[in-house]
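Pasting target-v3.pdb here (PDB, C-alpha atoms):
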```pdb
ATOM      1  CA  MET A 395       9.472 -26.497  30.129
ATOM      2  CA  SER A 396       9.839 -22.949  31.415
ATOM      3  CA  ARG A 397      13.486 -22.766  30.345
ATOM      4  CA  LYS A 398      12.707 -24.186  26.923
ATOM      5  CA  ARG A 399       9.797 -21.817  26.360
ATOM      6  CA  THR A 400      11.731 -18.755  27.540
ATOM      7  CA  THR A 401      14.390 -19.580  24.968
ATOM      8  CA  LEU A 402      11.748 -19.765  22.256
ATOM      9  CA  LEU A 403      10.553 -16.286  23.118
ATOM     10  CA  ALA A 404      14.005 -14.956  22.228
ATOM     11  CA  ILE A 405      13.670 -16.141  18.622
ATOM     12  CA  PRO A 406      13.478 -13.224  16.122
ATOM     13  CA  VAL A 407      10.022 -12.363  14.804
ATOM     14  CA  ALA A 408      10.949 -13.546  11.296
ATOM     15  CA  ALA A 409      11.773 -16.961  12.671
ATOM     16  CA  LEU A 410       8.571 -17.065  14.684
ATOM     17  CA  LEU A 411       6.576 -16.330  11.554
ATOM     18  CA  ALA A 412       8.171 -19.378  10.009
ATOM     19  CA  LEU A 413       6.543 -21.435  12.752
ATOM     20  CA  VAL A 414       3.064 -20.762  11.328
ATOM     21  CA  PRO A 415       1.790 -24.244  10.476
ATOM     22  CA  SER A 416       1.144 -24.842   6.779
ATOM     23  CA  SER A 417      -0.305 -28.284   7.421
ATOM     24  CA  ALA A 418      -1.452 -30.399  10.340
ATOM     25  CA  SER A 419       1.976 -32.079  10.462
ATOM     26  CA  ALA A 420       3.577 -28.712  11.272
ATOM     27  CA  TYR A 421       1.731 -28.243  14.568
ATOM     28  CA  PRO A 422       3.971 -28.289  17.658
ATOM     29  CA  ASN A 423       4.040 -31.143  20.102
ATOM     30  CA  PRO A 424       2.877 -30.271  23.619
ATOM     31  CA  GLY A 425       5.497 -28.870  25.959
ATOM     32  CA  ARG A 426       7.026 -31.297  28.445
ATOM     33  CA  VAL A 427       4.833 -32.098  31.447
ATOM     34  CA  THR A 428       5.361 -34.870  34.002
ATOM     35  CA  GLY A 429       3.622 -36.519  36.930
ATOM     36  CA  SER A 430      -0.169 -36.486  36.973
ATOM     37  CA  VAL A 431      -0.845 -35.629  33.340
ATOM     38  CA  VAL A 432      -4.071 -37.542  32.589
ATOM     39  CA  THR A 433      -6.655 -34.780  32.184
ATOM     40  CA  HIS A 434      -9.665 -33.552  30.223
ATOM     41  CA  ASP A 435     -10.927 -29.979  29.657
ATOM     42  CA  PRO A 436      -8.236 -28.259  31.765
ATOM     43  CA  SER A 437      -8.437 -24.709  33.135
ATOM     44  CA  MET A 438      -5.373 -23.315  34.907
ATOM     45  CA  ILE A 439      -4.546 -20.264  36.973
ATOM     46  CA  ARG A 440      -1.458 -19.067  38.844
ATOM     47  CA  ALA A 441      -2.100 -18.229  42.485
ATOM     48  CA  SER A 442      -0.444 -15.303  44.263
ATOM     49  CA  SER A 443       1.969 -17.838  45.809
ATOM     50  CA  GLY A 444       3.201 -18.692  42.306
ATOM     51  CA  GLU A 445       1.673 -22.164  42.403
ATOM     52  CA  TYR A 446      -0.335 -23.327  39.409
ATOM     53  CA  LEU A 447      -3.851 -24.548  40.156
ATOM     54  CA  LEU A 448      -5.454 -26.702  37.477
ATOM     55  CA  TYR A 449      -9.029 -27.968  37.449
ATOM     56  CA  ALA A 450     -10.492 -30.400  34.929
ATOM     57  CA  THR A 451     -13.395 -32.689  34.107
ATOM     58  CA  GLY A 452     -13.778 -35.629  36.447
ATOM     59  CA  GLY A 453     -15.869 -36.550  39.475
ATOM     60  CA  GLY A 454     -16.591 -33.494  41.558
ATOM     61  CA  ILE A 455     -14.094 -31.543  39.404
ATOM     62  CA  ALA A 456     -10.564 -32.955  39.432
ATOM     63  CA  SER A 457      -7.593 -30.860  40.570
ATOM     64  CA  LYS A 458      -3.843 -30.734  40.066
ATOM     65  CA  THR A 459      -1.071 -28.429  41.241
ATOM     66  CA  SER A 460       2.389 -27.545  39.955
ATOM     67  CA  SER A 461       5.182 -25.306  41.190
ATOM     68  CA  ASP A 462       6.941 -25.043  37.826
ATOM     69  CA  ARG A 463       4.316 -25.735  35.110
ATOM     70  CA  THR A 464       6.117 -28.972  34.281
ATOM     71  CA  ALA A 465       5.635 -31.426  37.152
ATOM     72  CA  PHE A 466       1.968 -31.824  38.135
ATOM     73  CA  SER A 467       0.539 -33.544  41.203
ATOM     74  CA  ALA A 468      -3.022 -34.791  41.549
ATOM     75  CA  GLY A 469      -5.154 -33.275  44.302
ATOM     76  CA  ALA A 470      -8.558 -33.777  45.807
ATOM     77  CA  ASP A 471     -11.876 -33.004  44.127
ATOM     78  CA  ALA A 472     -12.882 -29.350  44.195
ATOM     79  CA  PHE A 473     -16.022 -30.280  46.105
ATOM     80  CA  GLY A 474     -15.824 -32.286  49.309
ATOM     81  CA  SER A 475     -19.457 -33.215  48.712
ATOM     82  CA  ARG A 476     -21.347 -32.786  45.480
ATOM     83  CA  PRO A 477     -24.215 -30.258  45.470
ATOM     84  CA  SER A 478     -27.614 -31.942  45.575
ATOM     85  CA  TRP A 479     -28.924 -30.042  42.534
ATOM     86  CA  TRP A 480     -26.468 -31.869  40.265
ATOM     87  CA  SER A 481     -28.724 -34.944  40.280
ATOM     88  CA  THR A 482     -31.365 -32.983  38.334
ATOM     89  CA  TYR A 483     -29.019 -32.838  35.334
ATOM     90  CA  SER A 484     -26.755 -35.870  35.728
ATOM     91  CA  SER A 485     -27.586 -39.295  37.122
ATOM     92  CA  VAL A 486     -23.962 -39.974  38.082
ATOM     93  CA  PRO A 487     -23.721 -37.071  39.123
ATOM     94  CA  GLU A 488     -20.478 -35.472  38.002
ATOM     95  CA  ALA A 489     -19.295 -32.125  36.656
ATOM     96  CA  TRP A 490     -17.415 -31.160  33.510
ATOM     97  CA  ALA A 491     -15.302 -28.466  31.910
ATOM     98  CA  PRO A 492     -14.528 -26.066  34.772
ATOM     99  CA  ASP A 493     -13.421 -22.490  34.129
ATOM    100  CA  ILE A 494     -11.399 -20.910  36.939
ATOM    101  CA  ALA A 495     -10.799 -17.179  37.305
ATOM    102  CA  TYR A 496      -9.784 -14.662  39.973
ATOM    103  CA  GLN A 497     -11.952 -11.547  40.055
ATOM    104  CA  GLY A 498     -13.075  -9.142  42.739
ATOM    105  CA  GLY A 499     -10.774 -10.577  45.383
ATOM    106  CA  LYS A 500     -12.002 -14.161  45.081
ATOM    107  CA  TYR A 501     -11.744 -17.233  42.910
ATOM    108  CA  LEU A 502     -14.701 -18.173  40.740
ATOM    109  CA  MET A 503     -15.276 -21.508  39.082
ATOM    110  CA  TYR A 504     -17.991 -21.945  36.484
ATOM    111  CA  TYR A 505     -18.644 -25.552  35.512
ATOM    112  CA  SER A 506     -21.103 -27.839  33.676
ATOM    113  CA  VAL A 507     -23.461 -30.574  34.836
ATOM    114  CA  SER A 508     -25.087 -32.682  32.129
ATOM    115  CA  LYS A 509     -25.642 -36.160  30.788
ATOM    116  CA  PHE A 510     -23.400 -36.971  27.832
ATOM    117  CA  GLY A 511     -25.168 -36.317  24.520
ATOM    118  CA  SER A 512     -28.060 -34.472  26.171
ATOM    119  CA  ASN A 513     -28.825 -30.762  26.359
ATOM    120  CA  THR A 514     -30.649 -31.077  29.653
ATOM    121  CA  SER A 515     -27.748 -29.233  31.218
ATOM    122  CA  ALA A 516     -26.754 -26.569  33.719
ATOM    123  CA  ILE A 517     -23.881 -24.209  34.343
ATOM    124  CA  GLY A 518     -23.019 -23.863  38.012
ATOM    125  CA  LEU A 519     -20.857 -21.394  39.936
ATOM    126  CA  ALA A 520     -18.670 -21.895  42.977
ATOM    127  CA  THR A 521     -16.537 -19.346  44.833
ATOM    128  CA  SER A 522     -13.485 -19.593  47.069
ATOM    129  CA  SER A 523     -11.081 -17.318  48.914
ATOM    130  CA  THR A 524      -8.107 -19.608  48.190
ATOM    131  CA  GLY A 525      -8.953 -21.570  45.044
ATOM    132  CA  ARG A 526      -7.956 -24.800  46.789
ATOM    133  CA  PRO A 527      -9.849 -28.095  46.659
ATOM    134  CA  GLY A 528     -12.380 -28.367  49.460
ATOM    135  CA  SER A 529     -12.631 -24.586  49.843
ATOM    136  CA  TRP A 530     -15.319 -24.034  47.225
ATOM    137  CA  THR A 531     -18.793 -22.801  48.165
ATOM    138  CA  ASP A 532     -21.371 -23.689  45.566
ATOM    139  CA  GLN A 533     -23.607 -20.825  44.444
ATOM    140  CA  GLY A 534     -26.092 -22.934  42.473
ATOM    141  CA  THR A 535     -27.102 -22.679  38.830
ATOM    142  CA  VAL A 536     -26.252 -19.778  36.544
ATOM    143  CA  TYR A 537     -27.914 -20.849  33.308
ATOM    144  CA  THR A 538     -29.730 -23.974  32.147
ATOM    145  CA  SER A 539     -30.990 -25.687  29.008
ATOM    146  CA  GLY A 540     -33.526 -28.439  28.407
ATOM    147  CA  SER A 541     -34.703 -30.848  25.740
ATOM    148  CA  SER A 542     -36.727 -28.095  24.038
ATOM    149  CA  SER A 543     -33.758 -25.668  23.921
ATOM    150  CA  ASP A 544     -31.803 -25.030  20.733
ATOM    151  CA  TYR A 545     -28.571 -24.622  22.727
ATOM    152  CA  ASN A 546     -26.633 -26.563  25.359
ATOM    153  CA  ALA A 547     -25.648 -24.905  28.652
ATOM    154  CA  ILE A 548     -22.206 -26.451  29.146
ATOM    155  CA  ASP A 549     -18.543 -25.444  28.663
ATOM    156  CA  PRO A 550     -18.691 -22.002  30.343
ATOM    157  CA  ASN A 551     -15.995 -19.332  30.117
ATOM    158  CA  LEU A 552     -15.962 -16.022  31.980
ATOM    159  CA  PHE A 553     -14.528 -12.997  30.187
ATOM    160  CA  VAL A 554     -14.098  -9.678  31.999
ATOM    161  CA  ASP A 555     -13.715  -6.738  29.620
ATOM    162  CA  GLY A 556     -11.613  -3.634  30.185
ATOM    163  CA  ASP A 557     -14.776  -1.615  30.806
ATOM    164  CA  GLY A 558     -15.622  -3.805  33.785
ATOM    165  CA  LYS A 559     -18.429  -5.737  32.087
ATOM    166  CA  TRP A 560     -18.590  -9.488  32.647
ATOM    167  CA  TRP A 561     -19.609 -11.974  29.950
ATOM    168  CA  LEU A 562     -20.121 -15.740  30.008
ATOM    169  CA  SER A 563     -19.749 -17.724  26.788
ATOM    170  CA  PHE A 564     -20.843 -21.352  26.631
ATOM    171  CA  GLY A 565     -22.242 -23.976  24.303
ATOM    172  CA  SER A 566     -21.878 -27.331  22.672
ATOM    173  CA  TRP A 567     -23.382 -28.610  19.413
ATOM    174  CA  TRP A 568     -27.069 -27.731  18.742
ATOM    175  CA  THR A 569     -26.999 -24.108  17.427
ATOM    176  CA  GLY A 570     -23.505 -23.493  18.742
ATOM    177  CA  ILE A 571     -21.764 -20.997  20.992
ATOM    178  CA  LYS A 572     -23.802 -18.520  23.036
ATOM    179  CA  MET A 573     -23.061 -15.635  25.405
ATOM    180  CA  ILE A 574     -24.866 -13.846  28.236
ATOM    181  CA  GLN A 575     -23.919 -10.804  30.286
ATOM    182  CA  ILE A 576     -23.055 -11.436  33.941
ATOM    183  CA  ASN A 577     -23.649  -9.281  37.012
ATOM    184  CA  PRO A 578     -20.233  -8.861  38.705
ATOM    185  CA  SER A 579     -21.926  -8.657  42.108
ATOM    186  CA  THR A 580     -23.579 -12.064  41.847
ATOM    187  CA  GLY A 581     -21.661 -13.943  39.143
ATOM    188  CA  LYS A 582     -25.032 -14.709  37.544
ATOM    189  CA  GLN A 583     -26.936 -13.262  34.595
ATOM    190  CA  LEU A 584     -27.417  -9.496  34.599
ATOM    191  CA  SER A 585     -31.163  -8.913  35.058
ATOM    192  CA  SER A 586     -31.115  -5.753  32.929
ATOM    193  CA  ASN A 587     -29.734  -7.649  29.902
ATOM    194  CA  THR A 588     -31.246 -11.070  29.296
ATOM    195  CA  THR A 589     -30.129 -11.300  25.665
ATOM    196  CA  ARG A 590     -28.600 -14.624  24.653
ATOM    197  CA  TYR A 591     -26.089 -13.730  21.941
ATOM    198  CA  SER A 592     -24.934 -16.206  19.261
ATOM    199  CA  LEU A 593     -21.204 -16.287  18.523
ATOM    200  CA  ALA A 594     -20.426 -19.418  16.489
ATOM    201  CA  SER A 595     -22.465 -22.062  14.702
ATOM    202  CA  ARG A 596     -22.288 -24.818  12.103
ATOM    203  CA  PRO A 597     -25.615 -24.499  10.300
ATOM    204  CA  THR A 598     -24.863 -27.229   7.749
ATOM    205  CA  GLY A 599     -23.385 -30.663   8.292
ATOM    206  CA  THR A 600     -22.113 -31.510  11.749
ATOM    207  CA  LYS A 601     -23.142 -29.238  14.622
ATOM    208  CA  ALA A 602     -19.875 -29.959  16.419
ATOM    209  CA  VAL A 603     -18.551 -26.736  17.920
ATOM    210  CA  GLU A 604     -18.086 -26.239  21.659
ATOM    211  CA  ALA A 605     -15.795 -25.157  24.503
ATOM    212  CA  PRO A 606     -15.547 -21.393  23.831
ATOM    213  CA  TYR A 607     -12.800 -19.273  25.375
ATOM    214  CA  ILE A 608     -12.475 -15.512  24.800
ATOM    215  CA  VAL A 609      -9.492 -13.193  25.269
ATOM    216  CA  LYS A 610      -8.785  -9.658  24.112
ATOM    217  CA  ARG A 611      -5.414  -8.849  22.601
ATOM    218  CA  GLY A 612      -4.878  -5.391  21.138
ATOM    219  CA  SER A 613      -8.068  -4.087  19.558
ATOM    220  CA  TYR A 614      -9.536  -7.539  18.871
ATOM    221  CA  TYR A 615     -11.541 -10.066  20.827
ATOM    222  CA  TYR A 616     -10.536 -13.635  19.999
ATOM    223  CA  LEU A 617     -12.926 -16.570  20.299
ATOM    224  CA  PHE A 618     -11.271 -19.984  20.580
ATOM    225  CA  ALA A 619     -13.488 -23.065  20.214
ATOM    226  CA  SER A 620     -13.171 -26.835  19.838
ATOM    227  CA  TYR A 621     -14.536 -28.301  16.607
ATOM    228  CA  ASP A 622     -15.620 -31.837  15.712
ATOM    229  CA  THR A 623     -15.712 -34.861  18.031
ATOM    230  CA  CYS A 624     -14.050 -35.404  21.388
ATOM    231  CA  CYS A 625     -14.045 -38.233  23.878
ATOM    232  CA  ALA A 626     -13.369 -41.107  21.458
ATOM    233  CA  GLY A 627      -9.718 -41.817  22.217
ATOM    234  CA  THR A 628      -7.668 -42.333  19.069
ATOM    235  CA  SER A 629     -10.841 -41.898  16.973
ATOM    236  CA  SER A 630     -11.329 -38.333  18.252
ATOM    237  CA  THR A 631     -11.347 -35.598  15.613
ATOM    238  CA  TYR A 632     -11.221 -32.598  17.970
ATOM    239  CA  LYS A 633      -9.330 -29.495  16.845
ATOM    240  CA  VAL A 634      -9.009 -25.881  18.055
ATOM    241  CA  LYS A 635      -9.998 -22.949  15.839
ATOM    242  CA  VAL A 636     -10.209 -19.202  16.417
ATOM    243  CA  GLY A 637     -11.944 -16.123  15.059
ATOM    244  CA  ARG A 638     -11.767 -12.468  16.018
ATOM    245  CA  ALA A 639     -14.100  -9.475  16.340
ATOM    246  CA  THR A 640     -14.004  -5.813  17.311
ATOM    247  CA  SER A 641     -16.953  -6.312  19.700
ATOM    248  CA  VAL A 642     -17.171  -8.948  22.430
ATOM    249  CA  THR A 643     -20.570 -10.050  21.148
ATOM    250  CA  GLY A 644     -19.264 -10.468  17.593
ATOM    251  CA  PRO A 645     -19.436 -10.943  14.719
ATOM    252  CA  TYR A 646     -16.378 -13.201  14.849
ATOM    253  CA  VAL A 647     -14.629 -14.029  11.578
ATOM    254  CA  ASP A 648     -11.610 -16.141  10.699
ATOM    255  CA  LYS A 649      -8.448 -15.127   8.831
ATOM    256  CA  ASN A 650     -10.272 -15.564   5.515
ATOM    257  CA  GLY A 651     -13.200 -13.400   6.605
ATOM    258  CA  VAL A 652     -15.584 -16.354   7.036
ATOM    259  CA  SER A 653     -18.054 -15.859   9.848
ATOM    260  CA  MET A 654     -17.870 -18.229  12.794
ATOM    261  CA  MET A 655     -21.662 -18.283  12.557
ATOM    262  CA  ASN A 656     -21.198 -20.049   9.225
ATOM    263  CA  ASN A 657     -18.627 -22.726  10.103
ATOM    264  CA  GLY A 658     -15.666 -20.326  10.010
ATOM    265  CA  GLY A 659     -12.534 -20.673  12.134
ATOM    266  CA  THR A 660      -8.775 -20.453  11.647
ATOM    267  CA  PRO A 661      -6.934 -23.580  12.890
ATOM    268  CA  VAL A 662      -4.738 -23.265  15.985
ATOM    269  CA  LEU A 663      -4.130 -26.938  16.845
ATOM    270  CA  GLU A 664      -5.064 -30.120  15.008
ATOM    271  CA  SER A 665      -4.137 -33.795  15.208
ATOM    272  CA  HIS A 666      -0.569 -34.613  14.205
ATOM    273  CA  GLY A 667       1.396 -37.794  14.724
ATOM    274  CA  SER A 668       0.501 -39.353  18.070
ATOM    275  CA  ILE A 669      -1.129 -36.088  19.266
ATOM    276  CA  ILE A 670      -4.766 -36.807  18.502
ATOM    277  CA  GLY A 671      -7.805 -34.583  18.918
ATOM    278  CA  PRO A 672      -6.403 -31.557  20.798
ATOM    279  CA  GLY A 673      -9.167 -29.432  22.343
ATOM    280  CA  GLY A 674     -11.087 -28.539  25.484
ATOM    281  CA  GLN A 675      -8.772 -25.544  25.563
ATOM    282  CA  SER A 676      -8.327 -22.575  27.860
ATOM    283  CA  ILE A 677      -5.967 -19.611  27.543
ATOM    284  CA  MET A 678      -3.779 -18.412  30.390
ATOM    285  CA  ASN A 679      -1.425 -15.445  30.523
ATOM    286  CA  ASP A 680       1.817 -16.245  32.346
ATOM    287  CA  SER A 681       5.140 -14.493  32.893
ATOM    288  CA  ASP A 682       6.519 -15.780  29.581
ATOM    289  CA  GLY A 683       3.424 -15.140  27.479
ATOM    290  CA  ASP A 684       0.039 -16.599  26.660
ATOM    291  CA  LEU A 685      -0.466 -20.326  27.081
ATOM    292  CA  ILE A 686      -2.985 -22.592  25.431
ATOM    293  CA  VAL A 687      -3.830 -25.348  27.919
ATOM    294  CA  TYR A 688      -5.711 -28.316  26.469
ATOM    295  CA  HIS A 689      -6.119 -32.070  26.399
ATOM    296  CA  TYR A 690      -5.190 -34.473  23.635
ATOM    297  CA  TYR A 691      -5.445 -38.222  23.165
ATOM    298  CA  ASP A 692      -2.083 -39.977  23.222
ATOM    299  CA  GLY A 693      -1.766 -42.296  20.226
ATOM    300  CA  ASN A 694       1.209 -43.966  21.918
ATOM    301  CA  ASP A 695      -0.823 -44.748  25.049
ATOM    302  CA  ASN A 696      -4.111 -46.240  23.820
ATOM    303  CA  GLY A 697      -5.716 -42.810  23.425
ATOM    304  CA  THR A 698      -5.379 -41.764  27.061
ATOM    305  CA  PRO A 699      -6.348 -38.066  27.465
ATOM    306  CA  LYS A 700      -3.336 -36.034  28.568
ATOM    307  CA  LEU A 701      -2.415 -32.462  29.405
ATOM    308  CA  GLY A 702      -1.036 -30.269  26.637
ATOM    309  CA  ILE A 703       0.537 -26.833  27.135
ATOM    310  CA  ASN A 704       1.992 -24.585  24.433
ATOM    311  CA  LEU A 705       2.838 -20.924  24.152
ATOM    312  CA  LEU A 706       1.064 -18.643  21.682
ATOM    313  CA  ASN A 707       2.690 -16.063  19.448
ATOM    314  CA  TRP A 708       0.492 -13.151  18.287
ATOM    315  CA  SER A 709       2.867 -11.319  15.942
ATOM    316  CA  THR A 710       0.694 -11.960  12.865
ATOM    317  CA  GLY A 711      -2.457 -10.763  14.602
ATOM    318  CA  TRP A 712      -3.554 -14.381  14.905
ATOM    319  CA  PRO A 713      -2.502 -16.849  17.636
ATOM    320  CA  VAL A 714       0.117 -19.394  16.573
ATOM    321  CA  ALA A 715       0.968 -22.247  18.930
ATOM    322  CA  TYR A 716       4.655 -23.140  19.351
TER     323      TYR A 716
END
```

In structure tokens, write the structure found in this file.
Amino acid sequence: MSRKRTTLLAIPVAALLALVPSSASAYPNPGRVTGSVVTHDPSMIRASSGEYLLYATGGGIASKTSSDRTAFSAGADAFGSRPSWWSTYSSVPEAWAPDIAYQGGKYLMYYSVSKFGSNTSAIGLATSSTGRPGSWTDQGTVYTSGSSSDYNAIDPNLFVDGDGKWWLSFGSWWTGIKMIQINPSTGKQLSSNTTRYSLASRPTGTKAVEAPYIVKRGSYYYLFASYDTCCAGTSSTYKVKVGRATSVTGPYVDKNGVSMMNNGGTPVLESHGSIIGPGGQSIMNDSDGDLIVYHYYDGNDNGTPKLGINLLNWSTGWPVAY
């Protein structure tokens, strides 16, 4: 995969622009991955050793490793034992949608605990000096929601701005994507700013927007999110859309100027052929460019959720997967 993708990066800009999808059928297939590829809601980071560490939904947070970003091996759960507080939010209990980052000399993993279809939910935080399974120390809850809330505290993503400020976006259905400011010293909400910002919403029709991920490229902040329905195998309608803003707290608009607070979003990946319902995405910067790391449901394998990785080209000012 690395050799193939490096070759793609050598394509002239004019040719890359031709890769902009004009219809769902023009979206790229995932890059080649082998081994342990069954996954959901993946988040990946490259350790100082060069090894790729991937965490995903499943049990006490599933893990995988790869030396080359192509062949993946399954590892142990992130947590040797599941924190007792999880049972307050999930009867199983299990955790979802981890977000792994390396900041301040340590690894941080934000994650979700909830019951499917409920907004009695919590975002937790764990820290580690190595990022390896079994090394994580749970730091408890960061933010919660309940049955009376108009938001859902799942699908967290940490964004650290160039000015040193930390922000956590999150959200699923209800009134959409939210954001709070984080204290870098604790990894939890900054006590001097308790504002809960709104970034994306679908005020009419389906409420289905979730899984935010924010990056800054150039002068713009880009908000990626998953739209429509996941977790239904070949019936899934998940897709990835993006908007951009000049401030981290928004307003985010799509390529046509439609606000993400009013169902806006420019498509990045959608179903095509046997690649069904791509979403649960994260963005990772690697030596050959930005990657979008996601799951999709394999139409040739009874809708099994599998790992998808593609590079992103930003030459138009908007991310294009290839």

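Nearest residue to Val603 of chain A among A:Tyr621, A:Tyr505, A:Phe466, A:Tyr421 is A:Tyr621, counting only C-alpha atoms.
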
>> I'd like the contact shell of Lys635 of chain A - 9 Å cut-off, only C-alpha atoms, skipping same-chain residues fewer than 6 positions apart - returned as a PyMOL selection string.
In response: chain A and resi 617-621+648+658-664

Output the selection as a short mmCIF file (atom, residue, chain, number, x, y, z; two decimals), in the frame of the given file - C-alpha atoms for each residue.
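Output file out_34.cif is given in full below:
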```cif
data_model
loop_
_atom_site.label_atom_id
_atom_site.label_comp_id
_atom_site.auth_asym_id
_atom_site.auth_seq_id
_atom_site.Cartn_x
_atom_site.Cartn_y
_atom_site.Cartn_z
CA LEU A 617 -12.93 -16.57 20.30
CA PHE A 618 -11.27 -19.98 20.58
CA ALA A 619 -13.49 -23.06 20.21
CA SER A 620 -13.17 -26.84 19.84
CA TYR A 621 -14.54 -28.30 16.61
CA ASP A 648 -11.61 -16.14 10.70
CA GLY A 658 -15.67 -20.33 10.01
CA GLY A 659 -12.53 -20.67 12.13
CA THR A 660 -8.78 -20.45 11.65
CA PRO A 661 -6.93 -23.58 12.89
CA VAL A 662 -4.74 -23.26 15.98
CA LEU A 663 -4.13 -26.94 16.84
CA GLU A 664 -5.06 -30.12 15.01
#
```

>> To one decimal place in Å, what is the distance between atom CA of Tyr616 of chain A and atom CA of Glu604 of chain A?
In response: 14.8 Å

> Expressed in Å to a single decimal, how great is the separation between atom CA of Thr569 of chain A and atom CA of Ala491 of chain A?
Replying inline: 19.1 Å

> Taking into account all atoms listed in the file, which residue in the set A:Val609, A:Val431, A:Ala547, A:Ala489 is nearest to Gly702 of chain A?
Replying inline: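 So, comparing all the options, the nearest one is A:Val431.
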
> Residues at most 12 Å from Gly429 of chain A, counting only C-alpha atoms, excluding those fewer than 5 positions away in the same chain, as number ranges by chain?
Replying inline: A: 458-460, 462-469, 700-701

>> Env of segment 477-488 of chain A: 7 Å cut, atoms = all atoms listed in the file, seq-sep filter 4 positions within chain, self excluded. Answer as a VMD selection string.
In response: chain A and resid 452 to 454 507 to 509 514 to 516

Selected residues written out, C-alpha atoms, as an mmCIF file, keeping the file's coordinate frame:
```cif
data_model
loop_
_atom_site.group_PDB
_atom_site.id
_atom_site.type_symbol
_atom_site.label_atom_id
_atom_site.label_comp_id
_atom_site.auth_asym_id
_atom_site.auth_seq_id
_atom_site.Cartn_x
_atom_site.Cartn_y
_atom_site.Cartn_z
ATOM 1 C CA GLY A 452 -13.778 -35.629 36.447
ATOM 2 C CA GLY A 453 -15.869 -36.550 39.475
ATOM 3 C CA GLY A 454 -16.591 -33.494 41.558
ATOM 4 C CA VAL A 507 -23.461 -30.574 34.836
ATOM 5 C CA SER A 508 -25.087 -32.682 32.129
ATOM 6 C CA LYS A 509 -25.642 -36.160 30.788
ATOM 7 C CA THR A 514 -30.649 -31.077 29.653
ATOM 8 C CA SER A 515 -27.748 -29.233 31.218
ATOM 9 C CA ALA A 516 -26.754 -26.569 33.719
#
```

Mind giving me the axis-aligned box for segment 434-442 of chain A with 3 Å on every side, centre plus edges in Å to one decimal, as lines of an AutoDock Vina configuration file?
```
center_x = -5.7
center_y = -24.4
center_z = 37.0
size_x = 16.5
size_y = 24.2
size_z = 20.6
```

>> Nearest residue to Leu584 of chain A out of A:Val427, A:Leu562, A:Ile494, A:Ala639, using all atoms listed in the file?
In response: A:Leu562

> Written as a PyMOL selection string, what is the full residue list that the PyMOL selection byres ((chain A and resi 611) around 10) yields on the file shown?
Replying inline: chain A and resi 608-610+612-616+638+708+711-713

Generate the output file for the selected residues, C-alpha atoms, as a tab-separated table (two decimals), in the frame of the given file.
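Saved result, out35.tsv, follows:
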```
chain	number	residue	atom	x	y	z
A	608	ILE	CA	-12.48	-15.51	24.80
A	609	VAL	CA	-9.49	-13.19	25.27
A	610	LYS	CA	-8.78	-9.66	24.11
A	612	GLY	CA	-4.88	-5.39	21.14
A	613	SER	CA	-8.07	-4.09	19.56
A	614	TYR	CA	-9.54	-7.54	18.87
A	615	TYR	CA	-11.54	-10.07	20.83
A	616	TYR	CA	-10.54	-13.64	20.00
A	638	ARG	CA	-11.77	-12.47	16.02
A	708	TRP	CA	0.49	-13.15	18.29
A	711	GLY	CA	-2.46	-10.76	14.60
A	712	TRP	CA	-3.55	-14.38	14.90
A	713	PRO	CA	-2.50	-16.85	17.64
```

Resolved residues for the PyMOL selection byres ((chain A and resi 673) around 9) as a PDB file with C-alpha atoms, in the coordinates of the input:
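Result file out_38.pdb:
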```pdb
ATOM      1  CA  HIS A 434      -9.665 -33.552  30.223  1.00  0.00           C
ATOM      2  CA  ASP A 435     -10.927 -29.979  29.657  1.00  0.00           C
ATOM      3  CA  ALA A 605     -15.795 -25.157  24.503  1.00  0.00           C
ATOM      4  CA  ALA A 619     -13.488 -23.065  20.214  1.00  0.00           C
ATOM      5  CA  SER A 620     -13.171 -26.835  19.838  1.00  0.00           C
ATOM      6  CA  TYR A 621     -14.536 -28.301  16.607  1.00  0.00           C
ATOM      7  CA  CYS A 624     -14.050 -35.404  21.388  1.00  0.00           C
ATOM      8  CA  TYR A 632     -11.221 -32.598  17.970  1.00  0.00           C
ATOM      9  CA  LYS A 633      -9.330 -29.495  16.845  1.00  0.00           C
ATOM     10  CA  VAL A 634      -9.009 -25.881  18.055  1.00  0.00           C
ATOM     11  CA  LEU A 663      -4.130 -26.938  16.845  1.00  0.00           C
ATOM     12  CA  GLU A 664      -5.064 -30.120  15.008  1.00  0.00           C
ATOM     13  CA  GLY A 671      -7.805 -34.583  18.918  1.00  0.00           C
ATOM     14  CA  PRO A 672      -6.403 -31.557  20.798  1.00  0.00           C
ATOM     15  CA  GLY A 674     -11.087 -28.539  25.484  1.00  0.00           C
ATOM     16  CA  GLN A 675      -8.772 -25.544  25.563  1.00  0.00           C
ATOM     17  CA  SER A 676      -8.327 -22.575  27.860  1.00  0.00           C
ATOM     18  CA  VAL A 687      -3.830 -25.348  27.919  1.00  0.00           C
ATOM     19  CA  TYR A 688      -5.711 -28.316  26.469  1.00  0.00           C
ATOM     20  CA  HIS A 689      -6.119 -32.070  26.399  1.00  0.00           C
ATOM     21  CA  TYR A 690      -5.190 -34.473  23.635  1.00  0.00           C
TER      22      TYR A 690
END
```
